[in-house]
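Asker: Enclosed is the structure file work20.txt (compact mmCIF, C-alpha atoms and all ligand atoms).
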# COMPACT_ATOMS: atom_id res chain seq x y z
CA MET G 1 207.59 182.61 140.49
CA ASN G 2 206.88 182.53 136.79
CA ARG G 3 204.34 185.28 136.08
CA VAL G 4 202.27 183.25 133.63
CA CYS G 5 201.67 180.48 136.19
CA HIS G 6 200.27 181.65 139.50
CA TYR G 7 197.91 180.50 142.22
CA ARG G 8 194.59 182.22 142.91
CA ASP G 9 192.64 180.92 145.87
CA GLY G 10 194.99 177.96 145.94
CA VAL G 11 194.43 176.80 142.34
CA LEU G 12 196.66 177.16 139.32
CA TRP G 13 195.99 179.84 136.71
CA LEU G 14 197.85 180.66 133.52
CA ASP G 15 197.39 184.38 132.94
CA ASP G 16 193.61 184.85 133.17
CA PHE G 17 192.67 181.22 132.69
CA ARG G 18 192.25 178.40 135.14
CA ALA G 19 194.65 175.62 134.18
CA ARG G 20 191.81 173.11 134.64
CA ASP G 21 189.59 174.94 132.13
CA LEU G 22 192.35 175.07 129.53
CA ALA G 23 193.10 171.37 129.98
CA GLN G 24 189.41 170.53 129.71
CA GLN G 25 188.91 172.57 126.58
CA PHE G 26 192.10 171.64 124.72
CA GLN G 27 193.22 168.32 126.31
CA THR G 28 196.74 167.50 127.51
CA PRO G 29 199.63 167.58 126.86
CA LEU G 30 199.21 171.20 125.88
CA TYR G 31 201.59 174.06 125.25
CA VAL G 32 200.17 177.38 126.41
CA TYR G 33 201.83 180.70 125.49
CA SER G 34 201.12 184.09 127.02
CA GLU G 35 201.17 186.85 124.44
CA GLN G 36 201.47 189.50 127.15
CA THR G 37 204.63 187.91 128.55
CA ILE G 38 206.25 187.83 125.10
CA ILE G 39 205.43 191.52 124.67
CA ASP G 40 206.90 192.30 128.12
CA ARG G 41 210.11 190.45 127.29
CA TRP G 42 210.32 192.17 123.91
CA LEU G 43 210.03 195.57 125.58
CA ARG G 44 212.94 194.75 127.91
CA PHE G 45 215.09 194.81 124.78
CA ALA G 46 213.28 197.33 122.62
CA ASP G 47 213.04 199.99 125.34
CA ALA G 48 216.82 200.01 125.77
CA TRP G 49 217.78 199.65 122.12
CA PRO G 50 217.34 202.77 120.01
CA ALA G 51 217.00 202.77 116.22
CA PRO G 52 218.76 202.04 113.94
CA HIS G 53 219.87 199.07 116.06
CA ARG G 54 217.88 195.93 115.39
CA ILE G 55 216.62 192.74 117.02
CA CYS G 56 216.35 189.59 114.93
CA TYR G 57 214.33 186.99 116.82
CA ALA G 58 216.01 183.54 116.71
CA VAL G 59 213.21 181.52 115.14
CA LYS G 60 214.53 178.17 116.39
CA ALA G 61 213.43 178.99 119.94
CA ASN G 62 209.76 178.87 118.98
CA SER G 63 208.85 178.86 115.33
CA HIS G 64 205.06 178.87 115.54
CA ILE G 65 203.72 181.16 112.82
CA ALA G 66 201.49 182.96 115.34
CA ILE G 67 204.58 183.77 117.42
CA LEU G 68 206.45 184.92 114.31
CA GLN G 69 203.52 187.17 113.38
CA LEU G 70 203.58 188.68 116.85
CA MET G 71 207.35 189.28 116.57
CA ALA G 72 206.91 190.94 113.17
CA ARG G 73 204.18 193.20 114.61
CA LEU G 74 206.50 194.17 117.44
CA GLY G 75 209.15 195.16 114.89
CA ALA G 76 211.52 192.20 115.04
CA GLY G 77 213.62 190.87 112.21
CA PHE G 78 214.41 187.15 112.13
CA ASP G 79 217.47 184.95 112.57
CA ILE G 80 216.88 181.69 110.72
CA VAL G 81 218.90 178.49 110.30
CA SER G 82 217.05 176.56 107.61
CA GLN G 83 214.77 176.90 104.62
CA GLY G 84 211.96 175.57 106.80
CA GLU G 85 212.37 178.52 109.14
CA LEU G 86 212.54 180.86 106.15
CA GLU G 87 209.24 179.49 104.78
CA ARG G 88 207.64 179.99 108.19
CA VAL G 89 208.84 183.58 108.40
CA LEU G 90 207.48 184.21 104.91
CA ALA G 91 204.19 182.51 105.81
CA ALA G 92 203.95 184.87 108.78
CA GLY G 93 203.99 187.73 106.28
CA ALA G 94 207.34 189.12 107.46
CA GLU G 95 209.58 191.19 105.26
CA PRO G 96 212.40 188.97 103.79
CA ALA G 97 214.87 191.87 104.02
CA THR G 98 214.65 191.62 107.84
CA VAL G 99 216.00 188.05 107.79
CA VAL G 100 219.55 186.98 108.61
CA PHE G 101 220.50 183.39 107.77
CA SER G 102 222.84 181.61 110.24
CA GLY G 103 223.99 177.98 110.35
CA VAL G 104 227.05 175.96 109.40
CA ALA G 105 225.57 173.77 106.66
CA LYS G 106 223.50 175.93 104.32
CA SER G 107 222.66 173.81 101.29
CA ALA G 108 222.72 175.09 97.71
CA GLU G 109 218.93 174.83 97.63
CA GLU G 110 218.59 176.91 100.79
CA ILE G 111 220.97 179.58 99.52
CA ARG G 112 219.13 179.79 96.20
CA ARG G 113 215.75 180.16 97.88
CA ALA G 114 217.08 182.80 100.29
CA LEU G 115 218.56 184.79 97.41
CA SER G 116 215.43 184.51 95.32
CA VAL G 117 213.21 185.95 98.08
CA GLY G 118 215.80 188.61 98.96
CA ILE G 119 216.79 187.96 102.57
CA GLY G 120 218.76 190.65 104.37
CA CYS G 121 222.07 188.87 104.94
CA PHE G 122 223.84 185.52 105.15
CA ASN G 123 225.81 184.96 108.35
CA VAL G 124 228.64 182.99 106.75
CA GLU G 125 230.38 180.29 108.78
CA SER G 126 233.18 179.09 106.47
CA GLN G 127 235.23 179.99 103.41
CA GLN G 128 233.56 177.14 101.47
CA GLU G 129 230.12 178.50 102.29
CA LEU G 130 231.18 181.96 101.14
CA GLN G 131 232.29 180.54 97.82
CA ARG G 132 229.08 178.55 97.44
CA ILE G 133 227.00 181.68 98.06
CA GLU G 134 229.15 183.60 95.57
CA ALA G 135 228.76 180.96 92.86
CA ILE G 136 224.98 180.71 93.28
CA ALA G 137 224.50 184.49 93.43
CA SER G 138 226.63 184.88 90.30
CA ASP G 139 224.56 182.22 88.53
CA MET G 140 221.37 184.07 89.50
CA GLY G 141 222.78 187.47 88.51
CA LYS G 142 222.45 188.74 92.07
CA VAL G 143 224.68 190.28 94.70
CA ALA G 144 224.56 188.51 98.09
CA ASN G 145 224.80 190.47 101.33
CA VAL G 146 227.13 188.65 103.69
CA SER G 147 228.39 188.92 107.23
CA ILE G 148 231.30 186.81 108.47
CA ARG G 149 230.69 184.88 111.67
CA ILE G 150 233.77 184.98 113.84
CA ASN G 151 234.35 182.43 116.55
CA PRO G 152 235.68 184.72 119.28
CA ASN G 153 237.00 181.90 121.51
CA VAL G 154 235.18 183.15 124.59
CA ASP G 155 234.09 180.79 127.36
CA ALA G 156 230.42 181.49 127.92
CA GLY G 157 230.28 179.33 131.05
CA THR G 158 227.15 177.49 129.93
CA HIS G 159 226.23 173.84 129.34
CA PRO G 160 228.83 172.34 126.94
CA TYR G 161 226.09 171.35 124.44
CA ILE G 162 224.95 174.96 124.04
CA SER G 163 228.30 176.72 124.07
CA THR G 164 229.15 177.89 120.55
CA GLY G 165 231.95 180.45 120.82
CA LEU G 166 234.93 178.24 121.71
CA LYS G 167 237.66 177.24 119.28
CA THR G 168 236.62 173.63 119.77
CA ASN G 169 233.01 174.35 118.63
CA LYS G 170 231.97 173.92 115.02
CA PHE G 171 230.57 177.44 114.68
CA GLY G 172 232.00 180.47 112.94
CA ILE G 173 235.45 181.10 111.56
CA ASP G 174 238.45 180.94 113.85
CA TYR G 175 239.36 184.40 115.15
CA GLU G 176 242.93 183.91 113.94
CA LEU G 177 242.00 182.58 110.52
CA ALA G 178 239.38 185.09 109.39
CA ASP G 179 241.61 187.60 107.52
CA ALA G 180 241.61 185.64 104.30
CA VAL G 181 237.83 185.21 104.41
CA PHE G 182 237.23 188.94 104.86
CA ASP G 183 239.67 189.72 102.03
CA TYR G 184 237.92 187.26 99.76
CA ALA G 185 234.46 188.68 100.52
CA ALA G 186 235.62 192.28 100.16
CA GLN G 187 237.07 191.80 96.68
CA SER G 188 234.20 189.77 95.19
CA PRO G 189 231.83 191.75 92.93
CA THR G 190 229.08 189.23 93.71
CA LEU G 191 229.35 189.59 97.48
CA ASN G 192 228.45 192.67 99.49
CA LEU G 193 230.38 192.39 102.74
CA GLN G 194 228.06 194.10 105.22
CA GLY G 195 228.90 192.81 108.62
CA ILE G 196 230.60 190.73 111.25
CA ASP G 197 228.68 188.46 113.58
CA CYS G 198 229.24 186.15 116.51
CA HIS G 199 227.15 184.07 118.88
CA ILE G 200 228.86 182.57 121.90
CA GLY G 201 226.20 180.25 123.29
CA SER G 202 222.86 180.06 124.99
CA GLN G 203 221.43 180.42 128.51
CA ILE G 204 224.28 182.72 129.53
CA THR G 205 223.35 184.55 132.70
CA GLU G 206 226.05 187.23 132.92
CA PRO G 207 226.84 190.12 130.55
CA ALA G 208 230.64 189.71 130.98
CA PRO G 209 231.26 187.00 128.33
CA PHE G 210 229.04 188.88 125.84
CA LEU G 211 230.95 192.11 126.41
CA ASP G 212 234.29 190.25 126.04
CA ALA G 213 233.11 188.86 122.71
CA ALA G 214 231.77 192.27 121.63
CA LYS G 215 235.15 193.90 122.34
CA ARG G 216 236.82 191.30 120.17
CA MET G 217 234.34 192.07 117.37
CA PHE G 218 234.95 195.83 117.59
CA ALA G 219 238.67 195.04 117.35
CA TRP G 220 237.91 193.31 114.05
CA VAL G 221 236.00 196.35 112.80
CA ASP G 222 239.11 198.49 113.54
CA LYS G 223 241.43 195.98 111.91
CA LEU G 224 239.33 195.88 108.75
CA ALA G 225 239.00 199.67 108.62
CA LYS G 226 242.81 199.91 108.59
CA ARG G 227 242.77 197.68 105.52
CA GLY G 228 240.15 199.88 103.86
CA ILE G 229 237.26 197.45 104.44
CA ALA G 230 234.19 199.20 105.83
CA ILE G 231 231.56 197.25 107.74
CA SER G 232 228.02 198.56 108.25
CA HIS G 233 226.67 196.17 110.87
CA LEU G 234 227.81 194.15 113.83
CA ASP G 235 225.56 191.25 114.85
CA LEU G 236 226.35 190.10 118.38
CA GLY G 237 224.01 187.10 118.46
CA GLY G 238 221.66 185.93 121.19
CA GLY G 239 222.07 183.66 124.18
CA PHE G 240 220.62 185.69 127.07
CA GLY G 241 219.67 183.46 129.97
CA VAL G 242 216.34 183.21 131.75
CA PRO G 243 215.72 182.25 135.39
CA TYR G 244 214.68 178.59 135.16
CA HIS G 245 215.58 177.86 138.77
CA ASP G 246 217.27 180.27 141.12
CA GLU G 247 219.30 182.20 138.53
CA ALA G 248 218.96 185.97 138.55
CA ALA G 249 217.21 187.51 135.56
CA PHE G 250 219.67 188.57 132.85
CA PRO G 251 220.37 192.33 133.26
CA THR G 252 219.25 193.21 129.74
CA ALA G 253 219.26 197.00 130.09
CA GLU G 254 222.71 196.96 131.71
CA TYR G 255 224.12 194.80 128.92
CA LEU G 256 222.58 196.91 126.14
CA GLN G 257 223.97 200.05 127.77
CA GLY G 258 227.40 198.42 127.85
CA LEU G 259 227.12 197.64 124.15
CA LEU G 260 225.96 201.13 123.25
CA GLY G 261 228.94 202.44 125.23
CA LEU G 262 231.34 200.30 123.19
CA ALA G 263 229.64 201.46 119.98
CA LYS G 264 229.71 205.19 120.66
CA ASP G 265 232.76 205.81 118.46
CA TYR G 266 231.23 203.83 115.58
CA PRO G 267 228.27 205.89 114.33
CA GLN G 268 228.37 204.04 111.01
CA LEU G 269 227.55 200.71 112.67
CA THR G 270 224.09 199.26 113.13
CA LEU G 271 224.16 196.76 115.99
CA MET G 272 222.04 193.64 115.83
CA LEU G 273 221.04 191.02 118.41
CA GLU G 274 219.51 187.58 117.94
CA PRO G 275 217.62 186.71 121.14
CA GLY G 276 215.46 183.61 121.10
CA ARG G 277 214.97 182.08 124.53
CA SER G 278 214.84 185.38 126.41
CA LEU G 279 211.79 186.49 124.38
CA VAL G 280 209.68 183.36 124.65
CA ALA G 281 210.87 180.88 127.34
CA GLU G 282 209.02 182.42 130.25
CA ALA G 283 205.86 182.88 128.19
CA GLY G 284 205.30 179.15 127.69
CA VAL G 285 203.93 176.39 129.89
CA LEU G 286 203.56 172.70 129.16
CA LEU G 287 200.37 171.44 130.81
CA THR G 288 200.33 167.73 131.45
CA ARG G 289 198.12 165.32 133.36
CA VAL G 290 199.12 162.60 135.80
CA GLU G 291 198.20 159.18 134.42
CA TYR G 292 199.55 157.03 137.25
CA VAL G 293 201.44 157.36 140.50
CA LYS G 294 203.79 154.46 141.02
CA HIS G 295 205.93 153.51 143.99
CA SER G 296 209.04 151.40 143.85
CA THR G 297 211.09 150.49 146.89
CA GLU G 298 213.44 153.35 145.99
CA LYS G 299 211.26 156.00 144.41
CA ARG G 300 207.90 157.57 143.80
CA PHE G 301 207.02 158.37 140.21
CA ALA G 302 204.31 160.65 138.85
CA ILE G 303 203.84 159.28 135.34
CA VAL G 304 202.39 162.04 133.19
CA ASP G 305 201.06 162.28 129.64
CA ALA G 306 203.92 164.51 128.35
CA GLY G 307 207.34 163.08 127.69
CA MET G 308 210.78 163.81 126.35
CA ASN G 309 209.36 163.91 122.84
CA ASP G 310 207.27 166.93 123.91
CA LEU G 311 209.95 168.67 126.01
CA LEU G 312 213.47 167.37 125.40
CA ARG G 313 215.43 169.86 127.51
CA PRO G 314 215.48 167.87 130.79
CA ALA G 315 216.62 164.69 129.02
CA LEU G 316 219.16 166.38 126.76
CA TYR G 317 220.74 168.94 129.11
CA GLN G 318 219.50 167.81 132.53
CA ALA G 319 217.70 171.16 132.36
CA TYR G 320 215.62 172.30 135.32
CA HIS G 321 212.01 173.39 134.81
CA ALA G 322 209.79 174.46 137.70
CA ILE G 323 206.87 172.07 138.26
CA LEU G 324 203.60 173.52 139.51
CA PRO G 325 200.78 171.23 140.59
CA GLU G 326 197.19 172.21 140.05
CA ARG G 327 196.52 172.96 143.71
CA GLU G 328 199.02 175.00 145.68
CA GLU G 329 198.89 172.66 148.67
CA GLN G 330 200.09 169.80 146.45
CA GLN G 331 203.57 171.36 146.49
CA LEU G 332 204.07 169.84 149.93
CA GLY G 333 204.20 166.17 149.06
CA GLN G 334 206.68 163.34 148.92
CA VAL G 335 209.81 163.49 146.82
CA THR G 336 208.69 162.47 143.34
CA ASP G 337 210.20 162.01 139.88
CA ILE G 338 207.98 163.34 137.08
CA VAL G 339 208.41 160.96 134.18
CA GLY G 340 206.78 160.55 130.77
CA PRO G 341 205.35 157.72 128.67
CA VAL G 342 208.38 157.27 126.38
CA CYS G 343 210.34 154.04 126.56
CA GLU G 344 213.63 155.62 127.66
CA THR G 345 215.04 155.91 131.16
CA GLY G 346 216.04 159.44 130.21
CA ASP G 347 212.38 160.33 129.70
CA PHE G 348 211.81 162.64 132.64
CA LEU G 349 210.55 166.18 133.09
CA ALA G 350 211.91 166.64 136.60
CA HIS G 351 213.67 164.69 139.32
CA ALA G 352 213.07 164.74 143.08
CA ARG G 353 210.35 167.36 143.48
CA HIS G 354 207.96 167.62 146.40
CA LEU G 355 204.54 166.79 145.03
CA ALA G 356 201.30 165.36 146.36
CA VAL G 357 199.54 164.44 143.15
CA ALA G 358 197.14 161.71 142.16
CA PRO G 359 196.01 160.35 138.78
CA GLY G 360 193.94 162.91 136.90
CA ASP G 361 195.71 165.91 138.49
CA LEU G 362 197.32 168.53 136.30
CA ILE G 363 200.93 169.65 136.42
CA ALA G 364 202.37 172.74 134.73
CA VAL G 365 205.96 172.61 133.52
CA ALA G 366 207.02 176.25 133.59
CA ASN G 367 209.32 178.24 131.29
CA ALA G 368 208.76 175.90 128.38
CA GLY G 369 208.11 178.49 125.66
CA ALA G 370 211.60 178.22 124.14
CA TYR G 371 213.07 175.04 122.68
CA GLY G 372 209.96 173.15 123.79
CA MET G 373 207.62 172.54 120.87
CA SER G 374 210.39 173.49 118.43
CA MET G 375 212.50 170.53 119.62
CA SER G 376 209.58 168.11 119.93
CA SER G 377 209.33 164.92 117.91
CA ASN G 378 206.97 162.05 117.20
CA TYR G 379 209.27 159.53 118.91
CA ASN G 380 207.39 156.42 119.99
CA SER G 381 204.88 157.47 117.29
CA ARG G 382 203.36 159.86 119.76
CA ARG G 383 201.19 162.77 118.72
CA ARG G 384 202.52 166.22 119.47
CA PRO G 385 200.84 168.55 121.94
CA ALA G 386 198.34 171.14 120.82
CA GLU G 387 199.34 174.80 121.25
CA VAL G 388 197.24 177.63 122.61
CA LEU G 389 198.01 181.35 122.59
CA LEU G 390 196.52 183.40 125.41
CA GLN G 391 195.60 186.85 124.13
CA GLY G 392 194.01 188.82 126.92
CA GLN G 393 190.65 187.20 127.60
CA GLN G 394 190.95 184.89 124.61
CA ALA G 395 192.56 181.45 124.50
CA LYS G 396 193.21 180.73 120.86
CA LEU G 397 194.01 177.24 119.58
CA ILE G 398 196.98 177.72 117.24
CA THR G 399 197.90 174.06 116.63
CA ALA G 400 195.53 171.14 116.96
CA ARG G 401 196.90 167.76 118.03
CA GLU G 402 197.93 165.86 114.98
CA GLN G 403 195.98 162.63 114.82
CA TYR G 404 198.17 159.59 115.22
CA SER G 405 195.90 157.71 112.85
CA GLN G 406 196.48 160.30 110.11
CA LEU G 407 200.25 160.08 110.50
CA TRP G 408 200.06 156.33 110.30
CA GLN G 409 197.86 156.44 107.23
CA ARG G 410 200.20 158.80 105.37
CA GLU G 411 203.17 156.52 105.90
CA GLN G 412 201.10 153.53 104.95
CA LEU G 413 200.12 155.20 101.68
CA VAL G 414 203.71 155.92 100.58
CA TYR G 415 204.86 152.51 101.67
CA THR G 416 202.06 150.75 99.79
CA MET G 417 202.73 152.74 96.63
CA GLN G 418 206.41 151.77 96.71
CA SER G 419 205.57 148.12 97.28
CA ASP G 420 203.12 148.20 94.36
CA GLU G 421 205.77 149.69 92.08
CA GLY G 422 208.20 146.97 93.16
CA GLU G 423 205.75 144.26 92.22
CA ALA G 424 204.76 145.77 88.86
C1 LIG L 501 223.41 181.97 115.68
C2 LIG L 501 222.44 181.97 116.80
N1 LIG L 501 221.76 183.10 117.08
C3 LIG L 501 220.86 183.15 118.08
C4 LIG L 501 220.59 182.06 118.86
C5 LIG L 501 219.56 182.21 119.94
O1 LIG L 501 220.01 181.88 121.17
P1 LIG L 501 219.09 182.11 122.44
O2 LIG L 501 217.82 181.40 122.22
O3 LIG L 501 219.89 181.50 123.52
O4 LIG L 501 218.92 183.57 122.59
C6 LIG L 501 221.28 180.85 118.63
C7 LIG L 501 221.09 179.68 119.50
O5 LIG L 501 221.90 179.49 120.42
C8 LIG L 501 222.22 180.81 117.56
O6 LIG L 501 222.86 179.68 117.28
N1 LIG L 502 218.14 173.97 122.49
C1 LIG L 502 218.88 174.62 123.55
C2 LIG L 502 219.45 175.93 123.13
C3 LIG L 502 220.27 175.82 121.90
C4 LIG L 502 220.35 177.11 121.24
C5 LIG L 502 220.62 176.97 119.79
N2 LIG L 502 221.99 177.22 119.39
C6 LIG L 502 218.06 174.68 124.80
O1 LIG L 502 216.99 174.15 124.83
O2 LIG L 502 218.47 175.19 125.80
Would you mind writing the structure in this file as structure tokens?
Answerer:
Amino acid sequence: MNRVCHYRDGVLWLDDFRARDLAQQFQTPLYVYSEQTIIDRWLRFADAWPAPHRICYAVKANSHIAILQLMARLGAGFDIVSQGELERVLAAGAEPATVVFSGVAKSAEEIRRALSVGIGCFNVESQQELQRIEAIASDMGKVANVSIRINPNVDAGTHPYISTGLKTNKFGIDYELADAVFDYAAQSPTLNLQGIDCHIGSQITEPAPFLDAAKRMFAWVDKLAKRGIAISHLDLGGGFGVPYHDEAAFPTAEYLQGLLGLAKDYPQLTLMLEPGRSLVAEAGVLLTRVEYVKHSTEKRFAIVDAGMNDLLRPALYQAYHAILPEREEQQLGQVTDIVGPVCETGDFLAHARHLAVAPGDLIAVANAGAYGMSMSSNYNSRRRPAEVLLQGQQAKLITAREQYSQLWQREQLVYTMQSDEGEA
């Protein structure tokens, strides 16, 4: 069972807090994160990963500034994919030089901002992007550190929407077509070619595809060395799976040992990883309350106050999240679909679970710390959940629920101003 959620005397607790007390204090739907669990997951990596090798937390998994601050305190760098994520990392007080910038569509504005604050490195995904970075750096009188993202064409065996390392995916530069890009970067006085990177996908539960990809990257290091091009870092991305259902935990130490083994003849190389999910997924819980229980001739629905706009993963990937009712005995009920308030048939949190719940009861959706709040939206003009960070004996509110009325008023203001201009 997820460590954050557990039963004591038959009732649900999240770390050292009764779920009912948290829901009463902060209302539902509510994201709750356990700081201790994030630290535990961080140590699984850090304990097996000696300096100078680095870990750049993939901000997209959970970009709350409090989480970024915690990561910075633990010693993480950051893997970002937008200016928004960069601004968050900066707001968290992190060192810009620890940032790597991934993503296939970096805009001129984003590149300029990243150069002006002095990020560590751009993970470049195309020849055109490389030339755009070069032109902007030249214009600013700067030298840009770059790494070339290779698409290793490795089948990660994960959901097709979160596989990124196949030739048919939009990410990286084709393994067979990268020579020209490396040559271009190596000869440019405005570009400092530092590294090679890859990322083959997400929620991968076995080390084998990662090690296959890593071998292909080391082959590139050798190939470049023969051409007189020296590389100082190899960034092997993230993608380590977590046990959402009955999957085994990813063997982190075993994988890192495998990598260190491959790297032993390359003392000049700093290795980097970009884990997101594996650091935060298991630390997060979405607490939601049953509004209604409805029976049709075919089904029984628990209609709850959190929907696909709060946690998109079930709707988008048919992802499984464990569902824990407030009282342990409630796990022995009728087969029930847990559905949300959004006007979409795809708005469900779980299908066909045994649950004996009634209106007013709480339900915890486990393992929701990654790609939960960060993928949430205001669809159906719904407010987003509040977020709470559990720090030992303290439950700290880190995001209050945005007031629907305020959102509505802001839009109204812009709209009215435009209409007034039109009339004038
Ligand atoms: C380039 C890159 N790095 C790191 C990650 C983090 O992946 P995960 O959260 O699966 O560790 C992603 C997302 O898949 C990514 O696209
Ligand atoms: N959003 C996905 C992971 C995508 C990772 C980003 N490349 C998920 O919730 O599982």
Asker: Counting all atoms listed in the file, which of G:Asp235, G:Asp16, G:Glu411, G:Glu247 gets nearest to Pro275 in chain G?
Answerer: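 Using all atoms listed in the file, the shortest distance to Pro275 in chain G belongs to G:Asp235.
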Asker: Could you make a table, as JSON lines, of the residues of chain G that have an atom within 8 Å of an atom of ligand LIG 502 (chain L), each with its nearest atom pair and distance in Å to one decimal, counting only C-alpha atoms and all ligand atoms, in chain and number order?
Answerer:
{"residue": "G:Lys60", "atom": "CA", "partner": "L:LIG502", "partner_atom": "C5", "distance": 7.1}
{"residue": "G:Ala61", "atom": "CA", "partner": "L:LIG502", "partner_atom": "C4", "distance": 7.3}
{"residue": "G:Tyr161", "atom": "CA", "partner": "L:LIG502", "partner_atom": "C3", "distance": 7.8}
{"residue": "G:Ile162", "atom": "CA", "partner": "L:LIG502", "partner_atom": "C3", "distance": 5.2}
{"residue": "G:Ser163", "atom": "CA", "partner": "L:LIG502", "partner_atom": "N2", "distance": 7.9}
{"residue": "G:Thr164", "atom": "CA", "partner": "L:LIG502", "partner_atom": "N2", "distance": 7.3}
{"residue": "G:Gly201", "atom": "CA", "partner": "L:LIG502", "partner_atom": "N2", "distance": 6.5}
{"residue": "G:Ser202", "atom": "CA", "partner": "L:LIG502", "partner_atom": "C4", "distance": 5.4}
{"residue": "G:Gln203", "atom": "CA", "partner": "L:LIG502", "partner_atom": "O2", "distance": 6.6}
{"residue": "G:Gly239", "atom": "CA", "partner": "L:LIG502", "partner_atom": "C4", "distance": 7.4}
{"residue": "G:Arg277", "atom": "CA", "partner": "L:LIG502", "partner_atom": "C2", "distance": 7.7}
{"residue": "G:Leu312", "atom": "CA", "partner": "L:LIG502", "partner_atom": "O1", "distance": 7.7}
{"residue": "G:Arg313", "atom": "CA", "partner": "L:LIG502", "partner_atom": "O1", "distance": 5.3}
{"residue": "G:Tyr317", "atom": "CA", "partner": "L:LIG502", "partner_atom": "O2", "distance": 7.4}
{"residue": "G:Ala319", "atom": "CA", "partner": "L:LIG502", "partner_atom": "O2", "distance": 7.7}
{"residue": "G:Ala370", "atom": "CA", "partner": "L:LIG502", "partner_atom": "O1", "distance": 6.8}
{"residue": "G:Tyr371", "atom": "CA", "partner": "L:LIG502", "partner_atom": "O1", "distance": 4.6}
{"residue": "G:Gly372", "atom": "CA", "partner": "L:LIG502", "partner_atom": "O1", "distance": 7.2}
{"residue": "G:Met375", "atom": "CA", "partner": "L:LIG502", "partner_atom": "N1", "distance": 7.2}
Asker: Using CA of Ile119 in chain G and CA of Leu68 in chain G as the two end points, give the distance in Å to one decimal.
Answerer: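 Interatomic distance here is 15.9 Å.
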Asker: Using all atoms listed in the file, can you list as a PyMOL selection string the residues within 8 Å of (198.0, 161.9, 142.0)?
Answerer: chain G and resi 290+292-293+302+356-361
Asker: Write out as an MDAnalysis selection string which residues come within 7 Å of Gly238 in chain G when counting all atoms listed in the file, dropping same-chain ones fewer than 4 positions away.
Answerer: chainID G and resid 199 273:276
Asker: Just checking: using only C-alpha atoms, which residue out of G:Ala225, G:Ala97, G:Val154, G:Val339 ends up closest to Thr168 in chain G?
Answerer: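 Ranking G:Ala225, G:Ala97, G:Val154, G:Val339 by distance to Thr168 in chain G, first place goes to G:Val154.
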Asker: Env of Met373 in chain G: 8 Å cut, atoms = all atoms listed in the file, seq-sep filter 3 positions within chain, self excluded. Answer as a CSV table (one decimal) with C-alpha atoms, in the frame of the given file.
Answerer:
chain,number,residue,atom,x,y,z
G,31,TYR,CA,201.6,174.1,125.2
G,62,ASN,CA,209.8,178.9,119.0
G,310,ASP,CA,207.3,166.9,123.9
G,311,LEU,CA,210.0,168.7,126.0
G,369,GLY,CA,208.1,178.5,125.7
G,370,ALA,CA,211.6,178.2,124.1
G,376,SER,CA,209.6,168.1,119.9
G,385,PRO,CA,200.8,168.6,121.9
Asker: Using all atoms listed in the file for the distances, tell me which of G:Arg20, G:Arg382, G:Lys142, G:His159 is nearest to ligand LIG 501 (chain L).
Answerer: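 Of the candidates, the smallest distance to ligand LIG 501 (chain L) is held by G:His159.
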Asker: Which residue is closest to Ser381 in chain G? Choose from G:Ile204, G:Val280, G:Ile231, G:Cys343 and count all atoms listed in the file.
Answerer: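 Smallest distance to Ser381 in chain G is found for G:Cys343.
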Asker: Using all atoms listed in the file, can you list as a PyMOL selection string the residues within 12 Å of (220.6, 189.2, 125.3)?
Answerer: chain G and resi 41-42+44-46+48-49+55-58+199-211+235-242+249-259+272-279
Asker: Could you state the separation of CA of Ile150 in chain G and CA of Asp174 in chain G in Å, given to one decimal place?
Answerer: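 These two atoms are separated by 6.2 Å.
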